[in-house]
file entry_6.cif (mmCIF, C-alpha atoms)
data_model
loop_
_atom_site.group_PDB
_atom_site.id
_atom_site.type_symbol
_atom_site.label_atom_id
_atom_site.label_comp_id
_atom_site.auth_asym_id
_atom_site.auth_seq_id
_atom_site.Cartn_x
_atom_site.Cartn_y
_atom_site.Cartn_z
ATOM 1 C CA MET Q 1 -44.015 2.596 62.767
ATOM 2 C CA GLU Q 2 -45.744 0.216 60.383
ATOM 3 C CA SER Q 3 -48.882 1.487 58.697
ATOM 4 C CA SER Q 4 -50.708 -1.845 59.196
ATOM 5 C CA TYR Q 5 -50.128 -1.543 62.947
ATOM 6 C CA LEU Q 6 -51.389 2.055 62.982
ATOM 7 C CA ILE Q 7 -54.465 1.334 60.845
ATOM 8 C CA GLY Q 8 -55.360 -1.739 62.896
ATOM 9 C CA ALA Q 9 -54.953 0.215 66.120
ATOM 10 C CA ILE Q 10 -57.118 3.065 64.799
ATOM 11 C CA ILE Q 11 -59.894 0.655 63.756
ATOM 12 C CA VAL Q 12 -59.832 -1.089 67.151
ATOM 13 C CA ALA Q 13 -59.803 2.237 69.032
ATOM 14 C CA THR Q 14 -62.697 3.476 66.867
ATOM 15 C CA VAL Q 15 -64.803 0.398 67.606
ATOM 16 C CA ALA Q 16 -63.915 0.528 71.334
ATOM 17 C CA THR Q 17 -64.838 4.205 71.600
ATOM 18 C CA TYR Q 18 -68.087 3.854 69.673
ATOM 19 C CA THR Q 19 -69.050 0.810 71.757
ATOM 20 C CA THR Q 20 -68.742 2.797 74.993
ATOM 21 C CA ARG Q 21 -71.032 5.448 73.537
ATOM 22 C CA ILE Q 22 -73.728 3.193 72.091
ATOM 23 C CA ILE Q 23 -74.068 0.734 75.035
ATOM 24 C CA PRO Q 24 -76.664 2.743 77.008
ATOM 25 C CA PHE Q 25 -78.782 3.288 73.897
ATOM 26 C CA LEU Q 26 -78.856 -0.458 73.228
ATOM 27 C CA LEU Q 27 -79.429 -1.499 76.850
ATOM 28 C CA PHE Q 28 -82.023 1.041 77.929
ATOM 29 C CA ARG Q 29 -83.901 1.523 74.699
ATOM 30 C CA ASN Q 30 -87.335 1.314 76.280
ATOM 31 C CA CYS Q 31 -86.964 2.086 79.957
ATOM 32 C CA GLU Q 32 -85.869 4.890 82.201
ATOM 33 C CA PRO Q 33 -82.617 4.316 84.146
ATOM 34 C CA SER Q 34 -83.027 3.305 87.807
ATOM 35 C CA PRO Q 35 -81.829 5.415 90.792
ATOM 36 C CA LEU Q 36 -78.747 3.198 91.123
ATOM 37 C CA ILE Q 37 -77.769 3.923 87.532
ATOM 38 C CA ARG Q 38 -78.384 7.614 88.184
ATOM 39 C CA TYR Q 39 -76.050 7.446 91.200
ATOM 40 C CA ILE Q 40 -73.339 5.717 89.171
ATOM 41 C CA GLU Q 41 -73.826 8.172 86.337
ATOM 42 C CA LEU Q 42 -73.279 11.045 88.748
ATOM 43 C CA ASN Q 43 -70.206 9.737 90.548
ATOM 44 C CA MET Q 44 -68.386 7.422 88.166
ATOM 45 C CA PRO Q 45 -66.706 10.163 86.081
ATOM 46 C CA VAL Q 46 -64.854 11.589 89.110
ATOM 47 C CA MET Q 47 -63.529 8.170 90.037
ATOM 48 C CA ILE Q 48 -62.360 7.443 86.501
ATOM 49 C CA MET Q 49 -60.631 10.815 86.234
ATOM 50 C CA VAL Q 50 -58.745 10.257 89.498
ATOM 51 C CA ILE Q 51 -57.609 6.867 88.192
ATOM 52 C CA LEU Q 52 -56.374 8.565 85.034
ATOM 53 C CA VAL Q 53 -54.434 11.195 87.003
ATOM 54 C CA PHE Q 54 -52.578 8.434 88.844
ATOM 55 C CA TYR Q 55 -52.069 6.544 85.606
ATOM 56 C CA ALA Q 56 -50.545 9.614 83.964
ATOM 57 C CA LEU Q 57 -48.199 10.147 86.919
ATOM 58 C CA LYS Q 58 -47.015 6.540 87.184
ATOM 59 C CA ASP Q 59 -43.720 7.112 85.328
ATOM 60 C CA VAL Q 60 -42.555 10.058 87.435
ATOM 61 C CA LYS Q 61 -39.213 9.369 89.092
ATOM 62 C CA TRP Q 62 -39.865 10.479 92.663
ATOM 63 C CA GLU Q 63 -36.628 9.080 94.049
ATOM 64 C CA VAL Q 64 -34.152 11.017 91.867
ATOM 65 C CA TYR Q 65 -33.580 14.743 91.420
ATOM 66 C CA PRO Q 66 -35.775 16.837 90.962
ATOM 67 C CA TYR Q 67 -38.074 14.422 92.850
ATOM 68 C CA GLY Q 68 -41.079 15.043 90.575
ATOM 69 C CA LEU Q 69 -41.041 18.728 91.483
ATOM 70 C CA ALA Q 70 -42.028 19.754 87.945
ATOM 71 C CA GLU Q 71 -45.097 17.496 88.094
ATOM 72 C CA ILE Q 72 -46.059 18.678 91.575
ATOM 73 C CA ILE Q 73 -45.898 22.333 90.518
ATOM 74 C CA GLY Q 74 -47.719 21.569 87.249
ATOM 75 C CA VAL Q 75 -50.553 19.697 88.930
ATOM 76 C CA GLY Q 76 -50.782 22.441 91.544
ATOM 77 C CA HIS Q 77 -51.381 25.015 88.851
ATOM 78 C CA CYS Q 78 -54.052 23.038 86.999
ATOM 79 C CA ASP Q 79 -56.719 24.528 89.250
ATOM 80 C CA SER Q 80 -56.204 27.959 87.708
ATOM 81 C CA PHE Q 81 -57.301 26.581 84.323
ATOM 82 C CA THR Q 82 -60.681 25.323 85.457
ATOM 83 C CA CYS Q 83 -63.840 27.384 85.116
ATOM 84 C CA LYS Q 84 -64.689 29.645 88.001
ATOM 85 C CA VAL Q 85 -68.323 28.862 88.693
ATOM 86 C CA MET N 86 -81.838 28.590 66.198
ATOM 87 C CA ASN N 87 -79.904 29.998 63.285
ATOM 88 C CA PHE N 88 -76.442 28.894 62.262
ATOM 89 C CA LEU N 89 -74.641 31.855 63.785
ATOM 90 C CA SER N 90 -76.103 31.436 67.242
ATOM 91 C CA ILE N 91 -75.159 27.756 67.187
ATOM 92 C CA VAL N 92 -71.586 28.667 66.236
ATOM 93 C CA LYS N 93 -71.564 31.133 69.133
ATOM 94 C CA LEU N 94 -72.683 28.353 71.452
ATOM 95 C CA THR N 95 -69.732 26.162 70.457
ATOM 96 C CA ILE N 96 -67.027 28.828 70.951
ATOM 97 C CA PRO N 97 -66.023 27.570 74.434
ATOM 98 C CA VAL N 98 -65.458 24.117 72.954
ATOM 99 C CA MET N 99 -63.458 25.640 70.090
ATOM 100 C CA MET N 100 -61.180 27.387 72.614
ATOM 101 C CA GLY N 101 -60.510 24.034 74.237
ATOM 102 C CA TYR N 102 -60.383 21.767 71.212
ATOM 103 C CA ILE N 103 -58.037 23.717 68.956
ATOM 104 C CA PRO N 104 -55.113 23.988 71.436
ATOM 105 C CA LEU N 105 -55.681 20.475 72.753
ATOM 106 C CA GLY N 106 -55.935 19.124 69.198
ATOM 107 C CA MET N 107 -52.703 20.921 68.345
ATOM 108 C CA ALA N 108 -50.984 19.351 71.354
ATOM 109 C CA PHE N 109 -52.199 15.992 70.078
ATOM 110 C CA GLY N 110 -50.900 16.703 66.563
ATOM 111 C CA LEU N 111 -47.514 17.849 67.872
ATOM 112 C CA LEU N 112 -47.160 14.724 69.970
ATOM 113 C CA LEU N 113 -48.105 12.608 66.942
ATOM 114 C CA SER N 114 -45.465 14.257 64.756
ATOM 115 C CA LYS N 115 -42.912 13.806 67.546
ATOM 116 C CA LEU N 116 -43.496 10.049 67.244
ATOM 117 C CA LEU N 117 -42.696 10.407 63.504
ATOM 118 C CA ILE N 118 -46.208 9.345 62.480
ATOM 119 C CA PRO N 119 -47.373 10.946 59.191
ATOM 120 C CA TRP N 120 -49.842 13.847 59.611
ATOM 121 C CA TYR N 121 -52.775 12.134 57.867
ATOM 122 C CA TYR N 122 -53.026 9.670 60.751
ATOM 123 C CA ALA N 123 -53.974 12.668 62.908
ATOM 124 C CA LEU N 124 -56.810 13.295 60.429
ATOM 125 C CA PHE N 125 -57.956 9.638 60.495
ATOM 126 C CA MET N 126 -57.811 9.422 64.275
ATOM 127 C CA SER N 127 -59.738 12.652 64.804
ATOM 128 C CA MET N 128 -62.297 11.655 62.156
ATOM 129 C CA PHE N 129 -62.978 8.109 63.333
ATOM 130 C CA ILE N 130 -61.988 7.806 66.998
ATOM 131 C CA PHE N 131 -62.914 11.353 68.061
ATOM 132 C CA ALA N 132 -62.058 11.038 71.745
ATOM 133 C CA GLY N 133 -59.644 13.562 73.240
ATOM 134 C CA SER N 134 -58.019 11.613 76.033
ATOM 135 C CA GLY N 135 -58.496 8.344 74.109
ATOM 136 C CA GLN N 136 -56.345 9.609 71.262
ATOM 137 C CA PHE N 137 -53.616 10.819 73.631
ATOM 138 C CA LEU N 138 -53.638 7.429 75.293
ATOM 139 C CA ALA N 139 -53.361 5.736 71.889
ATOM 140 C CA LEU N 140 -50.243 7.785 71.114
ATOM 141 C CA THR N 141 -48.679 6.843 74.450
ATOM 142 C CA LEU N 142 -49.389 3.195 73.664
ATOM 143 C CA PHE N 143 -47.997 3.539 70.116
ATOM 144 C CA ALA N 144 -44.786 4.882 71.618
ATOM 145 C CA SER N 145 -44.450 1.879 73.913
ATOM 146 C CA GLN N 146 -45.353 -0.513 71.047
ATOM 147 C CA ALA N 147 -48.386 -1.905 72.853
ATOM 148 C CA THR N 148 -50.321 -4.654 71.105
ATOM 149 C CA ILE N 149 -53.559 -3.822 69.277
ATOM 150 C CA LEU N 150 -55.547 -5.781 71.873
ATOM 151 C CA GLU N 151 -54.027 -3.689 74.668
ATOM 152 C CA ILE N 152 -54.919 -0.517 72.790
ATOM 153 C CA GLY N 153 -58.501 -1.736 72.404
ATOM 154 C CA ILE N 154 -58.939 -2.614 76.082
ATOM 155 C CA ALA N 155 -57.265 0.566 77.343
ATOM 156 C CA THR N 156 -59.353 2.763 75.021
ATOM 157 C CA PHE N 157 -62.523 0.969 76.056
ATOM 158 C CA LEU N 158 -61.809 1.420 79.775
ATOM 159 C CA LEU N 159 -60.765 5.022 79.373
ATOM 160 C CA ASN N 160 -63.905 5.900 77.408
ATOM 161 C CA LEU N 161 -66.241 3.878 79.595
ATOM 162 C CA ARG N 162 -67.360 7.114 81.212
ATOM 163 C CA HIS N 163 -69.103 7.973 77.938
ATOM 164 C CA THR N 164 -71.509 5.132 78.658
ATOM 165 C CA PHE N 165 -72.765 7.148 81.597
ATOM 166 C CA TYR N 166 -73.069 10.250 79.479
ATOM 167 C CA GLY N 167 -75.217 8.320 77.032
ATOM 168 C CA LEU N 168 -77.480 7.187 79.873
ATOM 169 C CA SER N 169 -78.640 10.722 80.468
ATOM 170 C CA MET N 170 -79.100 11.453 76.763
ATOM 171 C CA ILE N 171 -81.450 8.542 76.032
ATOM 172 C CA SER N 172 -84.622 10.536 76.515
ATOM 173 C CA ALA N 173 -83.203 13.532 74.653
ATOM 174 C CA PHE N 174 -82.360 11.504 71.529
ATOM 175 C CA LYS N 175 -85.437 9.267 71.643
ATOM 176 C CA ASP N 176 -87.483 10.863 68.878
ATOM 177 C CA PHE N 177 -84.610 11.629 66.515
ATOM 178 C CA SER N 178 -84.155 9.936 63.130
ATOM 179 C CA TRP N 179 -81.277 7.611 62.133
ATOM 180 C CA LYS N 180 -79.016 10.660 62.202
ATOM 181 C CA LYS N 181 -78.816 10.255 65.978
ATOM 182 C CA HIS N 182 -76.071 7.695 65.360
ATOM 183 C CA TYR N 183 -73.772 10.576 64.531
ATOM 184 C CA LEU N 184 -74.806 12.273 67.786
ATOM 185 C CA ILE N 185 -74.005 9.075 69.696
ATOM 186 C CA PHE N 186 -70.681 8.753 67.876
ATOM 187 C CA GLY N 187 -69.795 12.356 68.709
ATOM 188 C CA LEU N 188 -70.766 12.293 72.383
ATOM 189 C CA THR N 189 -67.417 13.464 73.782
ATOM 190 C CA ASP N 190 -66.980 15.073 77.200
ATOM 191 C CA GLU N 191 -67.246 18.569 75.784
ATOM 192 C CA THR N 192 -70.138 17.883 73.383
ATOM 193 C CA PHE N 193 -72.041 16.173 76.172
ATOM 194 C CA ALA N 194 -71.461 19.112 78.503
ATOM 195 C CA LEU N 195 -72.646 21.534 75.829
ATOM 196 C CA LEU N 196 -75.761 19.559 74.913
ATOM 197 C CA LYS N 197 -76.622 19.162 78.598
ATOM 198 C CA THR N 198 -76.204 22.800 79.514
ATOM 199 C CA SER N 199 -77.470 24.625 76.423
ATOM 200 C CA ASP N 200 -81.089 25.657 76.007
ATOM 201 C CA VAL N 201 -81.950 24.585 72.482
ATOM 202 C CA PRO N 202 -85.621 25.186 71.589
ATOM 203 C CA GLU N 203 -87.747 22.129 70.927
ATOM 204 C CA ALA N 204 -88.277 22.968 67.248
ATOM 205 C CA ASN N 205 -85.433 21.780 65.032
ATOM 206 C CA ARG N 206 -83.554 20.437 68.001
ATOM 207 C CA GLU N 207 -82.142 17.537 66.024
ATOM 208 C CA ARG N 208 -80.595 19.828 63.441
ATOM 209 C CA ALA N 209 -79.110 22.055 66.156
ATOM 210 C CA TYR N 210 -77.620 19.067 67.989
ATOM 211 C CA LEU N 211 -76.157 17.689 64.772
ATOM 212 C CA LEU N 212 -74.608 21.061 63.960
ATOM 213 C CA ILE N 213 -73.112 21.402 67.442
ATOM 214 C CA THR N 214 -71.552 17.946 67.222
ATOM 215 C CA ALA N 215 -70.252 18.508 63.689
ATOM 216 C CA LEU N 216 -68.776 21.912 64.572
ATOM 217 C CA ASN N 217 -67.055 20.464 67.632
ATOM 218 C CA GLN N 218 -65.559 17.665 65.589
ATOM 219 C CA SER N 219 -64.381 20.100 62.919
ATOM 220 C CA TYR N 220 -62.499 22.138 65.544
ATOM 221 C CA TRP N 221 -60.890 18.977 66.844
ATOM 222 C CA ILE N 222 -59.872 17.826 63.361
ATOM 223 C CA PHE N 223 -58.565 21.282 62.476
ATOM 224 C CA GLY N 224 -56.486 21.499 65.655
ATOM 225 C CA SER N 225 -54.975 18.054 65.385
ATOM 226 C CA VAL N 226 -54.080 18.337 61.686
ATOM 227 C CA ALA N 227 -52.640 21.835 62.200
ATOM 228 C CA GLY N 228 -50.558 20.536 65.112
ATOM 229 C CA ALA N 229 -49.282 17.545 63.142
ATOM 230 C CA LEU N 230 -48.317 19.739 60.155
ATOM 231 C CA LEU N 231 -46.680 22.394 62.346
ATOM 232 C CA GLY N 232 -44.736 19.703 64.162
ATOM 233 C CA ASN N 233 -43.176 18.648 60.855
ATOM 234 C CA ILE N 234 -42.131 22.184 59.926
ATOM 235 C CA LEU N 235 -41.148 23.859 63.164
ATOM 236 C CA PRO N 236 -38.219 22.606 65.194
ATOM 237 C CA PHE N 237 -39.865 22.319 68.616
ATOM 238 C CA ASN N 238 -38.467 21.366 71.956
ATOM 239 C CA TYR N 239 -41.036 18.752 72.888
ATOM 240 C CA GLU N 240 -39.718 18.025 76.323
ATOM 241 C CA GLY N 241 -42.626 17.827 78.748
ATOM 242 C CA ILE N 242 -45.438 17.979 76.179
ATOM 243 C CA GLU N 243 -46.784 14.660 77.460
ATOM 244 C CA PHE N 244 -47.655 16.530 80.642
ATOM 245 C CA SER N 245 -50.598 18.059 78.735
ATOM 246 C CA LEU N 246 -52.407 14.741 79.242
ATOM 247 C CA THR N 247 -51.790 14.712 83.006
ATOM 248 C CA ALA N 248 -52.957 18.332 83.142
ATOM 249 C CA LEU N 249 -56.105 17.465 81.171
ATOM 250 C CA PHE N 250 -56.999 14.699 83.622
ATOM 251 C CA VAL N 251 -56.307 16.863 86.650
ATOM 252 C CA VAL N 252 -58.394 19.726 85.247
ATOM 253 C CA LEU N 253 -61.276 17.375 84.426
ATOM 254 C CA SER N 254 -61.065 15.840 87.923
ATOM 255 C CA ILE N 255 -61.284 19.272 89.512
ATOM 256 C CA GLU N 256 -64.182 20.274 87.223
ATOM 257 C CA LEU N 257 -66.101 17.113 88.066
ATOM 258 C CA TYR N 258 -65.315 17.522 91.746
ATOM 259 C CA LYS N 259 -66.714 21.052 91.701
ATOM 260 C CA LYS N 260 -69.795 19.991 89.744
ATOM 261 C CA ASN N 261 -70.576 17.094 92.063
ATOM 262 C CA ARG N 262 -72.634 17.642 95.179
ATOM 263 C CA LEU N 263 -71.309 14.462 96.776
ATOM 264 C CA HIS N 264 -67.609 14.740 97.492
ATOM 265 C CA LYS N 265 -67.230 11.337 99.095
ATOM 266 C CA PRO N 266 -66.530 9.409 95.853
ATOM 267 C CA PHE N 267 -63.677 11.777 95.046
ATOM 268 C CA PHE N 268 -62.002 11.338 98.412
ATOM 269 C CA CYS N 269 -62.552 7.586 98.455
ATOM 270 C CA SER N 270 -60.977 7.086 95.062
ATOM 271 C CA THR N 271 -58.121 9.510 95.799
ATOM 272 C CA TYR N 272 -57.405 7.677 99.041
ATOM 273 C CA HIS N 273 -57.462 4.266 97.387
ATOM 274 C CA TRP N 274 -55.337 5.271 94.462
ATOM 275 C CA THR N 275 -52.791 7.019 96.671
ATOM 276 C CA PHE N 276 -52.535 3.816 98.675
ATOM 277 C CA LEU N 277 -52.184 1.676 95.543
ATOM 278 C CA ALA N 278 -49.618 4.059 94.076
ATOM 279 C CA TRP N 279 -47.654 3.846 97.314
ATOM 280 C CA CYS N 280 -47.746 0.006 97.185
ATOM 281 C CA TYR N 281 -46.662 0.056 93.563
ATOM 282 C CA PHE N 282 -43.784 2.377 94.362
ATOM 283 C CA HIS N 283 -42.529 0.162 97.184
ATOM 284 C CA LEU N 284 -42.906 -3.084 95.271
ATOM 285 C CA LYS N 285 -40.903 -1.635 92.416
ATOM 286 C CA LYS N 286 -38.006 -0.921 94.773
ATOM 287 C CA CYS N 287 -37.824 -4.521 96.010
#

call {"tool": "encode", "arguments": {"input": "entry_6.cif", "output": "structure tokens"}}
result
Amino acid sequence: MESSYLIGAIIVATVATYTTRIIPFLLFRNCEPSPLIRYIELNMPVMIMVILVFYALKDVKWEVYPYGLAEIIGVGHCDSFTCKV
Amino acid sequence: MNFLSIVKLTIPVMMGYIPLGMAFGLLLSKLLIPWYYALFMSMFIFAGSGQFLALTLFASQATILEIGIATFLLNLRHTFYGLSMISAFKDFSWKKHYLIFGLTDETFALLKTSDVPEANRERAYLLITALNQSYWIFGSVAGALLGNILPFNYEGIEFSLTALFVVLSIELYKKNRLHKPFFCSTYHWTFLAWCYFHLKKC
């Protein structure tokens, strides 16, 4: 892989990541977030995570042996790694 | 809060970041990328799932624009983390830019849940963020170096990303009082995945 490609990609990813983190501080510098924003804040992360799960599973070959069995078992066991509250 | 008690506070993050960072480093060395790119990525990007996604996109030779958009969308959730930190960071000096930079899922969770006394709060927050990042850097560099030395069977290591997302989904689901958003998005994405699957066969 070319180093110019990697460096360019790292710079772009750095800017993109930092942008997502600084946006609220620029937008809501002087006011308190509204109830709607609070609602989004509370529920958006779950939605995004579910999207990401489907994204990560998009290349599984369900139609050929072993029919994604490894992924099904793996996802099934993920629950045992979460914190028991 | 003294240094030691802050270190103690960050131990749960250390337990998560070092293995996950190592998985990242191993994956990076599998793609034959030199180890110091793991250092750069963990120093400047500092986003767990974002860095995994970047590696996946490197492997498929995605364009830099695609990498930028995908990283932005993936990390958009951090915007909503920042929303609830505005009042907490309000009176801090210019150093809060490092806190904003380092507002990852884990750091956010730690800052939100820990009881740091009002006095010297800025210093404590900065230390927490810096410690978390140092664990992440350590893990990813160690993984990248180990990947060069040890002959590993890497088959299936990319599943660590799927597992991370599933675990985070479950954690968020458990933390959330409203379960409707979870079911709505699962339902919609199952439907879309089904459509995608059938269209691909045509």

call {"tool": "resolve_selection", "arguments": {"input": "entry_6.cif", "expression": "the PyMOL selection byres ((chain Q) within 8 of (chain N))", "output": "PDB file with C-alpha atoms, keeping the file's coordinate frame"}}
result
ATOM      1  CA  MET Q   1     -44.015   2.596  62.767  1.00  0.00           C
ATOM      2  CA  TYR Q   5     -50.128  -1.543  62.947  1.00  0.00           C
ATOM      3  CA  GLY Q   8     -55.360  -1.739  62.896  1.00  0.00           C
ATOM      4  CA  ALA Q   9     -54.953   0.215  66.120  1.00  0.00           C
ATOM      5  CA  ILE Q  10     -57.118   3.065  64.799  1.00  0.00           C
ATOM      6  CA  VAL Q  12     -59.832  -1.089  67.151  1.00  0.00           C
ATOM      7  CA  ALA Q  13     -59.803   2.237  69.032  1.00  0.00           C
ATOM      8  CA  THR Q  14     -62.697   3.476  66.867  1.00  0.00           C
ATOM      9  CA  VAL Q  15     -64.803   0.398  67.606  1.00  0.00           C
ATOM     10  CA  ALA Q  16     -63.915   0.528  71.334  1.00  0.00           C
ATOM     11  CA  THR Q  17     -64.838   4.205  71.600  1.00  0.00           C
ATOM     12  CA  TYR Q  18     -68.087   3.854  69.673  1.00  0.00           C
ATOM     13  CA  THR Q  19     -69.050   0.810  71.757  1.00  0.00           C
ATOM     14  CA  THR Q  20     -68.742   2.797  74.993  1.00  0.00           C
ATOM     15  CA  ARG Q  21     -71.032   5.448  73.537  1.00  0.00           C
ATOM     16  CA  ILE Q  22     -73.728   3.193  72.091  1.00  0.00           C
ATOM     17  CA  ILE Q  23     -74.068   0.734  75.035  1.00  0.00           C
ATOM     18  CA  PRO Q  24     -76.664   2.743  77.008  1.00  0.00           C
ATOM     19  CA  PHE Q  25     -78.782   3.288  73.897  1.00  0.00           C
ATOM     20  CA  PHE Q  28     -82.023   1.041  77.929  1.00  0.00           C
ATOM     21  CA  ARG Q  29     -83.901   1.523  74.699  1.00  0.00           C
ATOM     22  CA  PRO Q  33     -82.617   4.316  84.146  1.00  0.00           C
ATOM     23  CA  ILE Q  40     -73.339   5.717  89.171  1.00  0.00           C
ATOM     24  CA  GLU Q  41     -73.826   8.172  86.337  1.00  0.00           C
ATOM     25  CA  LEU Q  42     -73.279  11.045  88.748  1.00  0.00           C
ATOM     26  CA  ASN Q  43     -70.206   9.737  90.548  1.00  0.00           C
ATOM     27  CA  MET Q  44     -68.386   7.422  88.166  1.00  0.00           C
ATOM     28  CA  PRO Q  45     -66.706  10.163  86.081  1.00  0.00           C
ATOM     29  CA  VAL Q  46     -64.854  11.589  89.110  1.00  0.00           C
ATOM     30  CA  MET Q  47     -63.529   8.170  90.037  1.00  0.00           C
ATOM     31  CA  ILE Q  48     -62.360   7.443  86.501  1.00  0.00           C
ATOM     32  CA  MET Q  49     -60.631  10.815  86.234  1.00  0.00           C
ATOM     33  CA  VAL Q  50     -58.745  10.257  89.498  1.00  0.00           C
ATOM     34  CA  ILE Q  51     -57.609   6.867  88.192  1.00  0.00           C
ATOM     35  CA  LEU Q  52     -56.374   8.565  85.034  1.00  0.00           C
ATOM     36  CA  VAL Q  53     -54.434  11.195  87.003  1.00  0.00           C
ATOM     37  CA  PHE Q  54     -52.578   8.434  88.844  1.00  0.00           C
ATOM     38  CA  ALA Q  56     -50.545   9.614  83.964  1.00  0.00           C
ATOM     39  CA  LEU Q  57     -48.199  10.147  86.919  1.00  0.00           C
ATOM     40  CA  LYS Q  58     -47.015   6.540  87.184  1.00  0.00           C
ATOM     41  CA  GLU Q  71     -45.097  17.496  88.094  1.00  0.00           C
ATOM     42  CA  GLY Q  74     -47.719  21.569  87.249  1.00  0.00           C
ATOM     43  CA  VAL Q  75     -50.553  19.697  88.930  1.00  0.00           C
ATOM     44  CA  CYS Q  78     -54.052  23.038  86.999  1.00  0.00           C
ATOM     45  CA  ASP Q  79     -56.719  24.528  89.250  1.00  0.00           C
ATOM     46  CA  PHE Q  81     -57.301  26.581  84.323  1.00  0.00           C
ATOM     47  CA  THR Q  82     -60.681  25.323  85.457  1.00  0.00           C
ATOM     48  CA  CYS Q  83     -63.840  27.384  85.116  1.00  0.00           C
TER      49      CYS Q  83
END

call {"tool": "atom_distance", "arguments": {"input": "entry_6.cif", "atom1": "CA of Asn87 in chain N", "atom2": "CA of Pro104 in chain N"}}
result
26.8 Å

call {"tool": "atom_distance", "arguments": {"input": "entry_6.cif", "atom1": "CA of Leu111 in chain N", "atom2": "CA of Ala229 in chain N"}}
result
5.1 Å

call {"tool": "closest_residue", "arguments": {"input": "entry_6.cif", "among": "N:Asn233, N:Ser114, N:Ser178, N:Thr192", "to": "Arg208 in chain N", "atoms": "only C-alpha atoms"}}
result
N:Ser178

call {"tool": "closest_residue", "arguments": {"input": "entry_6.cif", "among": "N:Phe223, N:Phe137, N:Ala123, N:Ser199", "to": "Ser90 in chain N", "atoms": "only C-alpha atoms"}}
result
N:Ser199

call {"tool": "atom_distance", "arguments": {"input": "entry_6.cif", "atom1": "CA of Val226 in chain N", "atom2": "CA of Ala108 in chain N"}}
result
10.2 Å

call {"tool": "residues_around", "arguments": {"input": "entry_6.cif", "residues": "Thr95 in chain N", "least_positions_apart": "5", "cutoff": "8 Å", "atoms": "all atoms listed in the file", "output": "number ranges by chain"}}
result
N: 195, 213, 216-217

call {"tool": "resolve_selection", "arguments": {"input": "entry_6.cif", "expression": "the PyMOL selection byres ((chain N and resi 220) around 9)", "output": "PyMOL selection string"}}
result
chain N and resi 98-100+102-103+106+215-219+221-225

call {"tool": "build_atoms", "arguments": {"input": "entry_6.cif", "residues": "range 121-131 of chain N", "atoms": "N, CA, C and O atoms", "output": "short mmCIF file (atom, residue, chain, number, x, y, z; two decimals), keeping the file's coordinate frame"}}
result
data_model
loop_
_atom_site.label_atom_id
_atom_site.label_comp_id
_atom_site.auth_asym_id
_atom_site.auth_seq_id
_atom_site.Cartn_x
_atom_site.Cartn_y
_atom_site.Cartn_z
N TYR N 121 -51.40 12.54 58.21
CA TYR N 121 -52.78 12.13 57.87
C TYR N 121 -53.34 11.12 58.87
O TYR N 121 -54.55 10.94 58.93
N TYR N 122 -52.48 10.53 59.69
CA TYR N 122 -53.03 9.67 60.75
C TYR N 122 -53.72 10.51 61.82
O TYR N 122 -54.66 10.04 62.47
N ALA N 123 -53.27 11.76 61.99
CA ALA N 123 -53.97 12.67 62.91
C ALA N 123 -55.39 12.90 62.38
O ALA N 123 -56.36 12.90 63.14
N LEU N 124 -55.49 13.08 61.05
CA LEU N 124 -56.81 13.30 60.43
C LEU N 124 -57.70 12.07 60.63
O LEU N 124 -58.85 12.19 61.07
N PHE N 125 -57.17 10.87 60.35
CA PHE N 125 -57.96 9.64 60.50
C PHE N 125 -58.42 9.47 61.94
O PHE N 125 -59.58 9.16 62.20
N MET N 126 -57.48 9.65 62.87
CA MET N 126 -57.81 9.42 64.28
C MET N 126 -58.89 10.39 64.75
O MET N 126 -59.83 9.99 65.42
N SER N 127 -58.75 11.66 64.36
CA SER N 127 -59.74 12.65 64.80
C SER N 127 -61.08 12.45 64.11
O SER N 127 -62.12 12.78 64.66
N MET N 128 -61.05 11.89 62.88
CA MET N 128 -62.30 11.66 62.16
C MET N 128 -63.04 10.46 62.71
O MET N 128 -64.25 10.49 62.89
N PHE N 129 -62.31 9.37 63.00
CA PHE N 129 -62.98 8.11 63.33
C PHE N 129 -63.04 7.84 64.84
O PHE N 129 -64.06 7.35 65.32
N ILE N 130 -61.96 8.10 65.56
CA ILE N 130 -61.99 7.81 67.00
C ILE N 130 -62.73 8.93 67.72
O ILE N 130 -63.66 8.70 68.45
N PHE N 131 -62.30 10.17 67.48
CA PHE N 131 -62.91 11.35 68.06
C PHE N 131 -63.13 11.21 69.56
O PHE N 131 -64.25 11.17 70.05
#
